[in-house]
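Containing PDB, C-alpha atoms: run-v8.pdb.
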ATOM      1  CA  MET A   1      64.514 143.459 177.617  1.00  0.00           C
ATOM      2  CA  LYS A   2      68.163 142.717 176.845  1.00  0.00           C
ATOM      3  CA  ARG A   3      68.062 139.338 178.555  1.00  0.00           C
ATOM      4  CA  HIS A   4      65.333 138.261 176.103  1.00  0.00           C
ATOM      5  CA  PHE A   5      66.704 140.065 173.045  1.00  0.00           C
ATOM      6  CA  LEU A   6      70.160 138.452 172.974  1.00  0.00           C
ATOM      7  CA  PRO A   7      68.921 134.845 172.833  1.00  0.00           C
ATOM      8  CA  LEU A   8      66.559 135.879 170.034  1.00  0.00           C
ATOM      9  CA  LEU A   9      69.523 137.242 168.055  1.00  0.00           C
ATOM     10  CA  ALA A  10      71.321 133.955 168.577  1.00  0.00           C
ATOM     11  CA  ILE A  11      68.321 132.009 167.274  1.00  0.00           C
ATOM     12  CA  VAL A  12      68.070 134.221 164.198  1.00  0.00           C
ATOM     13  CA  ALA A  13      71.792 133.831 163.534  1.00  0.00           C
ATOM     14  CA  LEU A  14      71.560 130.060 163.908  1.00  0.00           C
ATOM     15  CA  ALA A  15      68.630 129.900 161.485  1.00  0.00           C
ATOM     16  CA  ALA A  16      70.567 131.992 158.991  1.00  0.00           C
ATOM     17  CA  CYS A  17      73.440 129.497 159.171  1.00  0.00           C
ATOM     18  CA  ASN A  18      71.097 126.549 158.639  1.00  0.00           C
ATOM     19  CA  PRO A  19      68.713 127.635 155.867  1.00  0.00           C
ATOM     20  CA  THR A  20      66.053 125.319 154.502  1.00  0.00           C
ATOM     21  CA  HIS A  21      65.730 125.051 150.749  1.00  0.00           C
ATOM     22  CA  GLU A  22      64.408 122.767 148.016  1.00  0.00           C
ATOM     23  CA  GLU A  23      66.559 120.705 145.668  1.00  0.00           C
ATOM     24  CA  VAL A  24      65.024 119.272 142.495  1.00  0.00           C
ATOM     25  CA  VAL A  25      66.368 115.725 142.173  1.00  0.00           C
ATOM     26  CA  LEU A  26      64.302 114.456 139.233  1.00  0.00           C
ATOM     27  CA  GLN A  27      62.410 116.261 136.483  1.00  0.00           C
ATOM     28  CA  PHE A  28      59.755 115.282 133.978  1.00  0.00           C
ATOM     29  CA  PRO A  29      60.590 115.715 130.261  1.00  0.00           C
ATOM     30  CA  ASN A  30      58.796 119.094 130.287  1.00  0.00           C
ATOM     31  CA  GLY A  31      61.083 120.359 133.062  1.00  0.00           C
ATOM     32  CA  ASP A  32      58.551 120.206 135.904  1.00  0.00           C
ATOM     33  CA  PRO A  33      59.852 118.688 139.165  1.00  0.00           C
ATOM     34  CA  GLU A  34      59.193 114.991 139.779  1.00  0.00           C
ATOM     35  CA  LEU A  35      61.178 114.558 143.008  1.00  0.00           C
ATOM     36  CA  VAL A  36      62.161 117.358 145.378  1.00  0.00           C
ATOM     37  CA  TYR A  37      64.255 117.174 148.551  1.00  0.00           C
ATOM     38  CA  ILE A  38      63.718 119.617 151.411  1.00  0.00           C
ATOM     39  CA  VAL A  39      67.241 120.281 152.662  1.00  0.00           C
ATOM     40  CA  LYS A  40      68.525 122.028 155.778  1.00  0.00           C
ATOM     41  CA  GLY A  41      72.079 123.359 156.021  1.00  0.00           C
ATOM     42  CA  LYS A  42      74.899 123.454 153.510  1.00  0.00           C
ATOM     43  CA  GLU A  43      77.835 121.252 152.535  1.00  0.00           C
ATOM     44  CA  GLU A  44      78.935 119.016 155.448  1.00  0.00           C
ATOM     45  CA  GLN A  45      75.957 120.216 157.539  1.00  0.00           C
ATOM     46  CA  ARG A  46      73.475 119.325 154.806  1.00  0.00           C
ATOM     47  CA  LYS A  47      70.514 117.182 155.968  1.00  0.00           C
ATOM     48  CA  VAL A  48      67.472 116.001 154.007  1.00  0.00           C
ATOM     49  CA  ILE A  49      64.460 116.761 156.218  1.00  0.00           C
ATOM     50  CA  GLY A  50      61.711 116.266 153.659  1.00  0.00           C
ATOM     51  CA  GLU A  51      60.852 114.746 150.304  1.00  0.00           C
ATOM     52  CA  LYS A  52      58.072 115.374 147.794  1.00  0.00           C
ATOM     53  CA  MET A  53      57.221 113.303 144.743  1.00  0.00           C
ATOM     54  CA  PHE A  54      54.910 114.755 142.077  1.00  0.00           C
ATOM     55  CA  TYR A  55      52.646 113.461 139.332  1.00  0.00           C
ATOM     56  CA  GLU A  56      53.103 114.853 135.841  1.00  0.00           C
ATOM     57  CA  ASN A  57      49.963 116.971 136.329  1.00  0.00           C
ATOM     58  CA  GLY A  58      51.733 118.795 139.180  1.00  0.00           C
ATOM     59  CA  ASN A  59      49.801 117.204 142.051  1.00  0.00           C
ATOM     60  CA  VAL A  60      51.734 115.712 144.970  1.00  0.00           C
ATOM     61  CA  LEU A  61      52.143 111.917 144.948  1.00  0.00           C
ATOM     62  CA  TYR A  62      53.581 111.834 148.460  1.00  0.00           C
ATOM     63  CA  ASP A  63      54.984 114.188 151.095  1.00  0.00           C
ATOM     64  CA  LYS A  64      57.513 112.791 153.605  1.00  0.00           C
ATOM     65  CA  HIS A  65      59.402 114.241 156.552  1.00  0.00           C
ATOM     66  CA  PHE A  66      62.636 113.171 158.245  1.00  0.00           C
ATOM     67  CA  ASP A  67      64.431 113.849 161.501  1.00  0.00           C
ATOM     68  CA  HIS A  68      66.825 116.765 160.983  1.00  0.00           C
ATOM     69  CA  GLN A  69      69.710 114.899 162.631  1.00  0.00           C
ATOM     70  CA  SER A  70      69.362 111.208 161.730  1.00  0.00           C
ATOM     71  CA  GLU A  71      67.398 111.740 158.477  1.00  0.00           C
ATOM     72  CA  LYS A  72      65.172 108.833 159.544  1.00  0.00           C
ATOM     73  CA  PRO A  73      61.381 108.996 158.968  1.00  0.00           C
ATOM     74  CA  ASP A  74      59.816 111.461 161.369  1.00  0.00           C
ATOM     75  CA  GLY A  75      56.543 113.343 161.555  1.00  0.00           C
ATOM     76  CA  GLN A  76      53.539 113.027 159.264  1.00  0.00           C
ATOM     77  CA  TRP A  77      53.757 111.273 155.911  1.00  0.00           C
ATOM     78  CA  SER A  78      50.956 111.750 153.374  1.00  0.00           C
ATOM     79  CA  TYR A  79      50.137 110.020 150.090  1.00  0.00           C
ATOM     80  CA  TYR A  80      47.774 111.274 147.381  1.00  0.00           C
ATOM     81  CA  TYR A  81      45.901 109.937 144.356  1.00  0.00           C
ATOM     82  CA  LEU A  82      46.458 111.470 140.933  1.00  0.00           C
ATOM     83  CA  ASP A  83      43.559 113.903 141.389  1.00  0.00           C
ATOM     84  CA  GLY A  84      44.962 115.186 144.713  1.00  0.00           C
ATOM     85  CA  THR A  85      42.621 113.171 146.935  1.00  0.00           C
ATOM     86  CA  LEU A  86      44.262 111.845 150.104  1.00  0.00           C
ATOM     87  CA  PHE A  87      45.068 108.114 149.976  1.00  0.00           C
ATOM     88  CA  ALA A  88      46.816 107.655 153.321  1.00  0.00           C
ATOM     89  CA  GLN A  89      48.543 109.420 156.152  1.00  0.00           C
ATOM     90  CA  GLY A  90      50.466 108.290 159.214  1.00  0.00           C
ATOM     91  CA  ARG A  91      53.063 109.497 161.680  1.00  0.00           C
ATOM     92  CA  PHE A  92      56.630 108.271 162.095  1.00  0.00           C
ATOM     93  CA  ASP A  93      59.042 108.511 164.994  1.00  0.00           C
ATOM     94  CA  ALA A  94      61.984 106.570 166.420  1.00  0.00           C
ATOM     95  CA  ASP A  95      59.658 104.078 168.115  1.00  0.00           C
ATOM     96  CA  HIS A  96      57.459 103.507 165.052  1.00  0.00           C
ATOM     97  CA  PRO A  97      59.597 102.776 161.953  1.00  0.00           C
ATOM     98  CA  MET A  98      56.473 101.557 160.113  1.00  0.00           C
ATOM     99  CA  GLY A  99      54.412 104.545 161.194  1.00  0.00           C
ATOM    100  CA  LYS A 100      51.399 104.828 163.487  1.00  0.00           C
ATOM    101  CA  ASP A 101      47.910 106.389 163.579  1.00  0.00           C
ATOM    102  CA  TRP A 102      47.384 105.339 159.962  1.00  0.00           C
ATOM    103  CA  GLU A 103      44.317 106.343 157.986  1.00  0.00           C
ATOM    104  CA  PHE A 104      43.496 105.066 154.475  1.00  0.00           C
ATOM    105  CA  PHE A 105      40.907 106.388 152.049  1.00  0.00           C
ATOM    106  CA  ARG A 106      39.382 105.185 148.805  1.00  0.00           C
ATOM    107  CA  ARG A 107      39.264 107.376 145.726  1.00  0.00           C
ATOM    108  CA  ASP A 108      35.756 108.506 146.696  1.00  0.00           C
ATOM    109  CA  LYS A 109      37.234 109.772 150.033  1.00  0.00           C
ATOM    110  CA  SER A 110      35.494 107.074 152.107  1.00  0.00           C
ATOM    111  CA  PRO A 111      37.630 105.171 154.657  1.00  0.00           C
ATOM    112  CA  TYR A 112      38.890 101.766 153.590  1.00  0.00           C
ATOM    113  CA  TYR A 113      37.377 100.009 156.580  1.00  0.00           C
ATOM    114  CA  LYS A 114      34.264 100.795 158.571  1.00  0.00           C
ATOM    115  CA  GLY A 115      33.429  99.190 161.889  1.00  0.00           C
ATOM    116  CA  ALA A 116      35.012  98.387 165.243  1.00  0.00           C
ATOM    117  CA  LEU A 117      38.810  98.140 165.161  1.00  0.00           C
ATOM    118  CA  ASP A 118      41.584  97.388 167.603  1.00  0.00           C
ATOM    119  CA  SER A 119      44.252  98.924 165.384  1.00  0.00           C
ATOM    120  CA  THR A 120      45.350  99.754 161.847  1.00  0.00           C
ATOM    121  CA  VAL A 121      48.864  98.555 161.034  1.00  0.00           C
ATOM    122  CA  VAL A 122      51.106  98.864 157.981  1.00  0.00           C
ATOM    123  CA  LEU A 123      52.750  95.460 157.641  1.00  0.00           C
ATOM    124  CA  GLU A 124      54.942  96.282 154.651  1.00  0.00           C
ATOM    125  CA  LEU A 125      56.411  99.323 152.937  1.00  0.00           C
ATOM    126  CA  SER A 126      57.521  99.083 149.320  1.00  0.00           C
ATOM    127  CA  ALA A 127      61.025  99.965 148.132  1.00  0.00           C
ATOM    128  CA  LYS A 128      59.689 103.515 147.676  1.00  0.00           C
ATOM    129  CA  GLN A 129      58.467 103.496 151.310  1.00  0.00           C
ATOM    130  CA  ILE A 130      54.860 103.466 150.178  1.00  0.00           C
ATOM    131  CA  PRO A 131      52.404 101.372 152.254  1.00  0.00           C
ATOM    132  CA  SER A 132      52.021  98.096 150.345  1.00  0.00           C
ATOM    133  CA  THR A 133      50.294  95.851 152.914  1.00  0.00           C
ATOM    134  CA  VAL A 134      47.801  97.172 155.463  1.00  0.00           C
ATOM    135  CA  ALA A 135      45.920  95.208 158.118  1.00  0.00           C
ATOM    136  CA  TYR A 136      42.832  96.278 160.059  1.00  0.00           C
ATOM    137  CA  TYR A 137      42.796  94.273 163.286  1.00  0.00           C
ATOM    138  CA  HIS A 138      39.733  93.337 165.334  1.00  0.00           C
ATOM    139  CA  ALA A 139      39.872  90.516 167.891  1.00  0.00           C
ATOM    140  CA  ASP A 140      41.232  87.401 166.107  1.00  0.00           C
ATOM    141  CA  SER A 141      40.553  88.695 162.607  1.00  0.00           C
ATOM    142  CA  MET A 142      42.214  91.165 160.291  1.00  0.00           C
ATOM    143  CA  MET A 143      41.162  92.617 156.961  1.00  0.00           C
ATOM    144  CA  VAL A 144      44.225  92.765 154.728  1.00  0.00           C
ATOM    145  CA  TYR A 145      44.751  95.053 151.743  1.00  0.00           C
ATOM    146  CA  LYS A 146      47.747  95.023 149.415  1.00  0.00           C
ATOM    147  CA  PHE A 147      48.498  97.967 147.108  1.00  0.00           C
ATOM    148  CA  PHE A 148      50.578  98.689 144.041  1.00  0.00           C
ATOM    149  CA  ASP A 149      52.918 101.704 144.152  1.00  0.00           C
ATOM    150  CA  ASP A 150      50.248 103.862 142.484  1.00  0.00           C
ATOM    151  CA  TYR A 151      47.892 103.075 145.419  1.00  0.00           C
ATOM    152  CA  SER A 152      45.594 100.900 143.298  1.00  0.00           C
ATOM    153  CA  MET A 153      44.400  97.701 144.949  1.00  0.00           C
ATOM    154  CA  GLN A 154      46.439  94.530 144.467  1.00  0.00           C
ATOM    155  CA  SER A 155      44.416  92.208 146.711  1.00  0.00           C
ATOM    156  CA  GLU A 156      41.931  92.220 149.568  1.00  0.00           C
ATOM    157  CA  GLY A 157      40.595  89.605 151.938  1.00  0.00           C
ATOM    158  CA  LEU A 158      39.962  88.514 155.521  1.00  0.00           C
ATOM    159  CA  LEU A 159      42.288  86.538 157.785  1.00  0.00           C
ATOM    160  CA  ILE A 160      40.931  84.778 160.876  1.00  0.00           C
ATOM    161  CA  ASN A 161      43.567  83.230 163.111  1.00  0.00           C
ATOM    162  CA  ASN A 162      46.036  83.924 160.266  1.00  0.00           C
ATOM    163  CA  GLN A 163      44.053  81.824 157.772  1.00  0.00           C
ATOM    164  CA  ARG A 164      42.251  83.183 154.732  1.00  0.00           C
ATOM    165  CA  GLU A 165      38.500  83.234 155.192  1.00  0.00           C
ATOM    166  CA  GLY A 166      35.641  84.240 152.929  1.00  0.00           C
ATOM    167  CA  ARG A 167      36.017  86.029 149.619  1.00  0.00           C
ATOM    168  CA  TRP A 168      39.453  87.087 148.410  1.00  0.00           C
ATOM    169  CA  THR A 169      40.019  89.153 145.276  1.00  0.00           C
ATOM    170  CA  TYR A 170      43.258  89.844 143.421  1.00  0.00           C
ATOM    171  CA  TYR A 171      43.524  92.671 140.874  1.00  0.00           C
ATOM    172  CA  TYR A 172      45.520  93.814 137.877  1.00  0.00           C
ATOM    173  CA  PRO A 173      47.127  97.292 138.142  1.00  0.00           C
ATOM    174  CA  ASP A 174      44.220  98.827 136.192  1.00  0.00           C
ATOM    175  CA  GLY A 175      41.768  97.652 138.859  1.00  0.00           C
ATOM    176  CA  SER A 176      40.191  94.793 136.920  1.00  0.00           C
ATOM    177  CA  PRO A 177      39.917  91.474 138.811  1.00  0.00           C
ATOM    178  CA  GLN A 178      42.562  88.826 138.213  1.00  0.00           C
ATOM    179  CA  VAL A 179      41.393  86.101 140.618  1.00  0.00           C
ATOM    180  CA  GLU A 180      38.237  85.693 142.689  1.00  0.00           C
ATOM    181  CA  ALA A 181      38.175  82.918 145.274  1.00  0.00           C
ATOM    182  CA  THR A 182      36.429  81.848 148.468  1.00  0.00           C
ATOM    183  CA  PHE A 183      38.232  80.314 151.440  1.00  0.00           C
ATOM    184  CA  VAL A 184      37.152  78.316 154.488  1.00  0.00           C
ATOM    185  CA  ASP A 185      39.731  77.684 157.223  1.00  0.00           C
ATOM    186  CA  GLY A 186      42.516  78.730 154.865  1.00  0.00           C
ATOM    187  CA  LYS A 187      41.540  76.405 152.010  1.00  0.00           C
ATOM    188  CA  GLU A 188      39.815  77.197 148.723  1.00  0.00           C
ATOM    189  CA  ASN A 189      36.152  76.236 148.862  1.00  0.00           C
ATOM    190  CA  GLY A 190      33.633  77.159 146.208  1.00  0.00           C
ATOM    191  CA  VAL A 191      33.825  78.902 142.847  1.00  0.00           C
ATOM    192  CA  TYR A 192      37.278  79.988 141.660  1.00  0.00           C
ATOM    193  CA  LYS A 193      37.627  82.443 138.758  1.00  0.00           C
ATOM    194  CA  CYS A 194      40.726  83.611 136.915  1.00  0.00           C
ATOM    195  CA  TYR A 195      40.546  86.490 134.374  1.00  0.00           C
ATOM    196  CA  ARG A 196      42.648  88.101 131.691  1.00  0.00           C
ATOM    197  CA  GLU A 197      43.359  91.833 131.948  1.00  0.00           C
ATOM    198  CA  ASN A 198      40.539  92.589 129.495  1.00  0.00           C
ATOM    199  CA  GLY A 199      38.033  90.874 131.784  1.00  0.00           C
ATOM    200  CA  VAL A 200      37.677  87.711 129.693  1.00  0.00           C
ATOM    201  CA  PRO A 201      37.885  84.596 131.911  1.00  0.00           C
ATOM    202  CA  ILE A 202      40.786  82.186 131.553  1.00  0.00           C
ATOM    203  CA  TYR A 203      39.049  79.473 133.532  1.00  0.00           C
ATOM    204  CA  ILE A 204      36.222  78.999 136.014  1.00  0.00           C
ATOM    205  CA  GLY A 205      36.271  76.101 138.426  1.00  0.00           C
ATOM    206  CA  TYR A 206      35.331  74.810 141.825  1.00  0.00           C
ATOM    207  CA  TYR A 207      37.292  73.816 144.937  1.00  0.00           C
ATOM    208  CA  ILE A 208      36.398  71.566 147.843  1.00  0.00           C
ATOM    209  CA  ASN A 209      38.741  71.747 150.834  1.00  0.00           C
ATOM    210  CA  GLY A 210      41.596  73.058 148.731  1.00  0.00           C
ATOM    211  CA  LYS A 211      41.258  70.509 145.918  1.00  0.00           C
ATOM    212  CA  ARG A 212      39.865  70.993 142.441  1.00  0.00           C
ATOM    213  CA  ALA A 213      36.455  69.430 142.024  1.00  0.00           C
ATOM    214  CA  ASN A 214      33.542  69.182 139.595  1.00  0.00           C
ATOM    215  CA  THR A 215      33.865  70.379 135.994  1.00  0.00           C
ATOM    216  CA  TRP A 216      36.200  73.258 135.150  1.00  0.00           C
ATOM    217  CA  GLU A 217      35.677  75.458 132.113  1.00  0.00           C
ATOM    218  CA  PHE A 218      38.520  76.968 130.053  1.00  0.00           C
ATOM    219  CA  TYR A 219      38.152  79.936 127.681  1.00  0.00           C
ATOM    220  CA  ASP A 220      40.117  81.327 124.763  1.00  0.00           C
ATOM    221  CA  ILE A 221      41.206  84.945 124.419  1.00  0.00           C
ATOM    222  CA  ASP A 222      37.861  85.892 122.848  1.00  0.00           C
ATOM    223  CA  GLY A 223      35.860  84.425 125.709  1.00  0.00           C
ATOM    224  CA  ASN A 224      34.739  81.327 123.839  1.00  0.00           C
ATOM    225  CA  LEU A 225      34.631  78.035 125.733  1.00  0.00           C
ATOM    226  CA  SER A 226      37.684  76.099 124.574  1.00  0.00           C
ATOM    227  CA  GLY A 227      37.470  73.030 126.786  1.00  0.00           C
ATOM    228  CA  THR A 228      36.381  71.443 130.035  1.00  0.00           C
ATOM    229  CA  LYS A 229      37.854  69.041 132.550  1.00  0.00           C
ATOM    230  CA  ASN A 230      36.102  66.979 135.196  1.00  0.00           C
ATOM    231  CA  PHE A 231      38.300  66.774 138.307  1.00  0.00           C
ATOM    232  CA  ASP A 232      36.012  64.231 140.002  1.00  0.00           C
ATOM    233  CA  LYS A 233      37.126  61.471 137.620  1.00  0.00           C
TER
END
Have the structure of the file written as structure tokens, please.
Amino acid sequence: MKRHFLPLLAIVALAACNPTHEEVVLQFPNGDPELVYIVKGKEEQRKVIGEKMFYENGNVLYDKHFDHQSEKPDGQWSYYYLDGTLFAQGRFDADHPMGKDWEFFRRDKSPYYKGALDSTVVLELSAKQIPSTVAYYHADSMMVYKFFDDYSMQSEGLLINNQREGRWTYYYPDGSPQVEATFVDGKENGVYKCYRENGVPIYIGYYINGKRANTWEFYDIDGNLSGTKNFDK
């Protein structure tokens, strides 16, 4: 019994010397925590091993973990919508600085992409280390989504052989469309629409092989037709 008891005492003593605690880094005006660090050790031994950001309603915005020695991303990272619904989660380690095994979900809890996939890859992380560009790969195509820091959609569209193909949509932060366009072999082809944030169109036109064509319509702030231009002349 003693051979097993002494190591256990040593472990307990070590844990006591390296306690884990929370440090509130930022607060909302009402005093509730906005950013919290999970810290292990004290003074010169202090290491940040976790980080939580909160919404003003108290729900978690994201939950991150770090290696206890290097303080580099390590373990599972999770991101949540305002209502607490999971937006994304992935795992980090020394070999995967952009994470791996990523899963992304819409606000209705459905996965962002359905169908056969070769992989799901985060291409970019924002300054806040939030996934900002995500690609779903399958054969020579990839469906690309870009997000704002609040997880709302910034743009979505298909790339085939690294060229835009089919319908692409770009959004304002509130989710309303900013631009709707169709591409063939990386060039605009078909109807092209550009909107104001209130949904009123700025102009509606047409492209052929990346060049403006036919008659374009331009609208004022109230949605009234303010002019046209024929690009075939």
Legend entry - Distance criterion (only C-alpha atoms): nearest to Lys64 of chain A out of A:Ser152, A:Thr120, A:Asn161, A:Gln129: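 Closest to Lys64 of chain A, using only C-alpha atoms: A:Gln129.
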Inset, instruction - Please write the residues picked by the PyMOL selection byres ((chain A and resi 213) around 12) on this file as a VMD selection string. - result: chain A and resid 188 to 192 204 to 212 214 to 217 229 to 233
Inset, instruction - Go through the shown structure with the PyMOL selection byres ((chain A and resi 37) around 9) and write out the matching residues as a ChimeraX atom specification. - result: /A:21-25,35-36,38-39,48-53
Produce the centre coordinates and the three edge lengths, each in Å to one decimal, of the box along x, y and z that contains all listed atoms of segment 196-201 of chain A with 4 Å added on each side, as lines of an AutoDock Vina configuration file.
center_x = 40.5
center_y = 88.6
center_z = 130.7
size_x = 13.7
size_y = 16.0
size_z = 10.5
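Using all atoms listed in the file, the nearest neighbour of Phe104 of chain A within the list A:Gly84, A:Pro33, A:Leu117, A:Val134 is A:Val134.
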Legend entry - One-decimal distance in Å that lies between atom CA of Leu158 of chain A and atom CA of Ser119 of chain A: 15.0 Å
Where atoms are lacking, segment 91-100 of chain A completed to all heavy atoms, as a compact mmCIF listing (two decimals), in the frame of the given file:
# COMPACT_ATOMS: atom_id res chain seq x y z
N ARG A 91 51.99 108.76 161.01
CA ARG A 91 53.06 109.50 161.68
C ARG A 91 54.21 108.55 162.02
O ARG A 91 54.00 107.43 162.46
CB ARG A 91 52.55 110.18 162.95
CG ARG A 91 51.46 111.20 162.69
CD ARG A 91 51.25 112.09 163.90
NE ARG A 91 52.43 112.89 164.20
CZ ARG A 91 52.73 114.03 163.58
NH1 ARG A 91 51.95 114.51 162.63
NH2 ARG A 91 53.82 114.71 163.91
N PHE A 92 55.43 109.04 161.81
CA PHE A 92 56.63 108.27 162.10
C PHE A 92 57.41 108.91 163.24
O PHE A 92 57.41 110.12 163.40
CB PHE A 92 57.53 108.21 160.86
CG PHE A 92 57.02 107.32 159.76
CD1 PHE A 92 56.02 107.76 158.91
CD2 PHE A 92 57.54 106.05 159.58
CE1 PHE A 92 55.54 106.95 157.89
CE2 PHE A 92 57.07 105.23 158.56
CZ PHE A 92 56.08 105.68 157.72
N ASP A 93 58.07 108.05 164.01
CA ASP A 93 59.04 108.51 164.99
C ASP A 93 60.01 107.37 165.26
O ASP A 93 59.92 106.30 164.64
CB ASP A 93 58.37 109.00 166.29
CG ASP A 93 57.49 107.95 166.94
OD1 ASP A 93 57.87 106.75 166.93
OD2 ASP A 93 56.43 108.31 167.47
N ALA A 94 60.95 107.57 166.17
CA ALA A 94 61.98 106.57 166.42
C ALA A 94 61.41 105.24 166.90
O ALA A 94 61.99 104.18 166.66
CB ALA A 94 62.98 107.11 167.45
N ASP A 95 60.26 105.30 167.58
CA ASP A 95 59.66 104.08 168.12
C ASP A 95 58.70 103.40 167.13
O ASP A 95 58.21 102.30 167.41
CB ASP A 95 58.90 104.39 169.41
CG ASP A 95 59.83 104.89 170.52
OD1 ASP A 95 60.97 104.38 170.58
OD2 ASP A 95 59.41 105.77 171.28
N HIS A 96 58.42 104.04 166.01
CA HIS A 96 57.46 103.51 165.05
C HIS A 96 58.01 103.61 163.63
O HIS A 96 57.61 104.49 162.86
CB HIS A 96 56.12 104.24 165.15
CG HIS A 96 55.47 104.10 166.50
ND1 HIS A 96 55.75 104.96 167.54
CD2 HIS A 96 54.57 103.20 166.96
CE1 HIS A 96 55.04 104.59 168.60
NE2 HIS A 96 54.32 103.53 168.28
N PRO A 97 58.97 102.72 163.29
CA PRO A 97 59.60 102.78 161.95
C PRO A 97 58.64 102.44 160.81
O PRO A 97 58.95 102.73 159.65
CB PRO A 97 60.72 101.74 162.06
CG PRO A 97 60.28 100.80 163.13
CD PRO A 97 59.55 101.66 164.11
N MET A 98 57.48 101.84 161.13
CA MET A 98 56.47 101.56 160.11
C MET A 98 55.30 102.54 160.21
O MET A 98 54.28 102.37 159.55
CB MET A 98 55.95 100.12 160.26
CG MET A 98 57.03 99.06 160.11
SD MET A 98 57.73 99.01 158.45
CE MET A 98 56.40 98.25 157.56
N GLY A 99 55.45 103.54 161.04
CA GLY A 99 54.41 104.54 161.19
C GLY A 99 53.34 104.13 162.19
O GLY A 99 53.28 102.98 162.63
N LYS A 100 52.50 105.08 162.56
CA LYS A 100 51.40 104.83 163.49
C LYS A 100 50.25 105.76 163.13
O LYS A 100 50.37 106.65 162.28
CB LYS A 100 51.84 105.06 164.93
CG LYS A 100 52.24 106.51 165.22
CD LYS A 100 52.57 106.71 166.69
CE LYS A 100 52.94 108.16 166.98
NZ LYS A 100 53.19 108.40 168.41
